[in-house]
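Some notes on the structure that comes next.
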Amino acid sequence: MSEFSQKSRVRFAPSPTGYLHVGGARTALFNWLFARHTGGTLILRIEDTDFERSSESMVEGILEGMTWLGLDWDEGPFYQSKRLDHYTATAAKLLASGHAYRCFCTKEELESRRAAATAAGRPPMYDQRCRRIPSAESESRAAAETFALRFAVPGGGATTFEDAVLGTVSFANSDLEDFVLVRSDGIPTYHLSVVTDDIDMRLTHIIRGADHISNTPKQVLQYNALGAKLPVFAHVPLILGPDKTRLSKRHGATSVISYKDLGIVPEAFRNFLALLGWTPGPLKDADGKDREIFDSAELIRLFSLEGISKSNAVFNNDKLAWFNTEYIRAYPSDKLLPLIEEEWAKIGFTPTAPDTELLSLIDLLKPRARNLRDFATAFLAYFREDFEFDPAAVAKYLKDDPVRILLVELASHYEAATEFTEASTEQILRNFAEAHQIKAGILINGSRVALTGQGVAPSLFAVMVALGKERVVRRLKAATEIVVLATSVAPVAQ
RNA sequence: GGCGCUAUGGUGCAGCGGUUAGCACGCGGCCCUUUCAAGGCUGAAACAUGGGUUCAAUUCCCAUUAGCGCUACCA
């Protein structure tokens with residue numbers, strides 16, 4: 001609670017070597033929630049010092065993903081590629097103070113030594129040979145030779161830091177390599193640029209993935225060498241695939257945007273992500289059950305570093321799907337409409353019906369929607385005349401000609417009806433069934449398929465009213481003509 | 001291999017020395033019912049193992065095991 005009064009400065013610092021993946025998105029979300037909860041500032045920083053692998057299109061992809069998730073930032077985006085002079089400056093400072101030294105070893109030499117060490121069963125750490133070069137010699141060789149700059153890790157002792165989620169973490173300095181700060185081409189490495197920026201940008205909390213735990217002592221060493229105050233570190237456990245290995249492409253969708261393409265609603269994804277590795281603690285509702293549906297305002301209010309769990313979490317698609325149905329059901333239909341229109345646009349469909357009609361159809365259908373794509377696939381019959389019949393539904397409910405013929409006959413009763421309400425349409429059908437000595441269910445099931453193309457739909461008579469008399473009559477009359485094309489396939493289950 | 005982190009049902013979490021170990025997703029059953037969802041009721045399902053500490057360990061400590069991460073002039 002004390003966090004409320006504390007002005008924090010945090011950052012999301014993706015490397016544009018790929019799209020915004022699920023793990024990165026959650027890191028961004030946690031930083032965002034923390035910044036908003038504390039009334040602090042979120043900085044977006046693009047870590048593109050690896051020119052080989054970075055690209056501007058990846059940056060756009062990352063921003064697109066954040067925007068979709070509803071995450072905004074207060075400062076930036078700052079590009080590390082445009083701040084090279086800052087890193088050179090801290091490098092010079094470190095060199096001058098004796099915390100760094102020039103290394104004249106070539107990449108090839110390093111590699112062969114490392115291979116030899118591994119073969120001999122020794123740890124493949126840099127042997128610090130250039131650290132022993134006298135400064136005068138180093139100085140003169142610098143004019144003629146290319147060199148990298150390495151950090152001189154203290155010989156003994158340990159580097160320890162407090163982590164807001166893990167507690168005290170300690171590494172023996174003897175296990176730390178004299179890591180490279182500046183490459184021989186003059187480009188700073190990640191180790192140098194993060195620390196420089198994190199200090200420059202006056203960050204108070206570093207919330208990032210647990211894959212950075214091992215990097216942290218190297219950074220702490222630099223803070224100390226530079227005389228800078230340490231921020232609070234918070235290492236968030238990683239997100240794993242169903243096989244409990246780190247989530248990656250082979251697990252299917254890992255890009256945040258691919259979930260948009262799958263018809264996931266952004267709030268659902270955000271809610272799901274927030275609860276992956278974090279809980280607000282026990283939060284019973286009136287029935288004594290834990291609530292899990294939180295809108296962004298609640299997420300912001302509830303968020304705290306203390307609630308972050310220490311262990312890795314497995315990404316669960318079923319749970320995501322559940323959040324999605326909950327959110328779609330709860331969405332006001334006017335908020336759903338633009339999202340659904342995007343799905344329609346993908347299949348080249350533009351509705352001609354007035355929005356009011358569209359909205360009431362959405363209200364009718366949304367309790368049964370699994371995702372947004374349903375509106376452009378299984379639910380198409382509600383919005384346009386051109387739709388496909390689910391072969392399985394036809395096989396189950398409209399297989400026999402007698403039923404089809406009865407439906408055609410039933411159509412004329414509807415045609416003659418003066419009233420067309422849920423009650424009246426039901427009455428007509430039941431009277432018709434009775435007159436023909438047939439169970440109403442057979443007609444109901446058959447009508448559903450003839451009207452919607454699907455075996456699954458809202459209450460049939462609500463569907464009839466929503467579709468309107470004209471369409472109901474027309475589709476029922478066409479019952480005998482329904483053919484399931486060999487090429488037509490059942491809607492893809494998500 | 002070395003170093004680090006972690007360890008409650010299948011999954012996500014709750015628990016913070018004494019509980020019939022709770023909730024959610026998923027799974028099974030029943031009810032409701034024109035289909036399918038939803039909803040209501042209900043069932044199966046967990047404290048990794050071994051040592052300590054303690055009157056008492058799921059909870060604290062150590063070890064083992066397992067998983068993950070790092071081990072680059074990538075980030």
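Chain lettering (A, B, ...) mirrors the order of the structure tokens, residue numbering begins at 1 for each chain separately, and ligand numbering begins at 1 in order of display.
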
Notebook entry, point to check: Skipping near chain neighbours, those fewer than 2 positions away, what residues fall within 12 Å of segment 24-34 of chain B using only C-alpha atoms (C1' of nucleotides), listed as a count of residues only?
Noted result: 60

Notebook entry, point to check: Near segment 13-20 of chain A, counting only C-alpha atoms (C1' of nucleotides), which residues have an atom at most 8 Å away, once you skip same-chain residues fewer than 4 positions from it, shown as an MDAnalysis selection string?
Noted result: (chainID A and resid 24:25 44:48 53:56 58:59 61:62 65:66 255:257) or (chainID B and resid 75)

Check: Taking the backbone alone, and naming residues the way the document does, which bits of segment 10-241 of chain A are alpha helix (DSSP H) by DSSP, as a ChimeraX atom specification?
Finding: /A:22-38,56-69,84-96,107-119,135-144,190-200,216-226

Next item on the list: Check the smallest atom-to-atom distance from each of A:Leu276, A:Ile340, A:Leu407, A:Leu358 to chain B using only C-alpha atoms (C1' of nucleotides), then report the winner.
Entry: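 Among the listed residues, A:Leu276 lies closest to chain B.
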
Margin query: Please report the interatomic distance between atom CA of Thr159 of chain A and atom CA of Phe171 of chain A in Å with one decimal.
Written below: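 Computing it gives 5.3 Å between the two atoms.
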
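Across B:C68, B:C55, B:C47, B:C60, the tightest approach to G15 of chain B is made by B:C47 when counting only C-alpha atoms (C1' of nucleotides).
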
Check: Between atom CA of Tyr126 of chain A and atom CA of Cys105 of chain A, what is the distance, to one decimal in Å?
Finding: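 For atom CA of Tyr126 of chain A relative to atom CA of Cys105 of chain A, the distance reads 10.1 Å.
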
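Atom CA of Phe303 of chain A is found 6.6 Å from atom CA of His37 of chain A.
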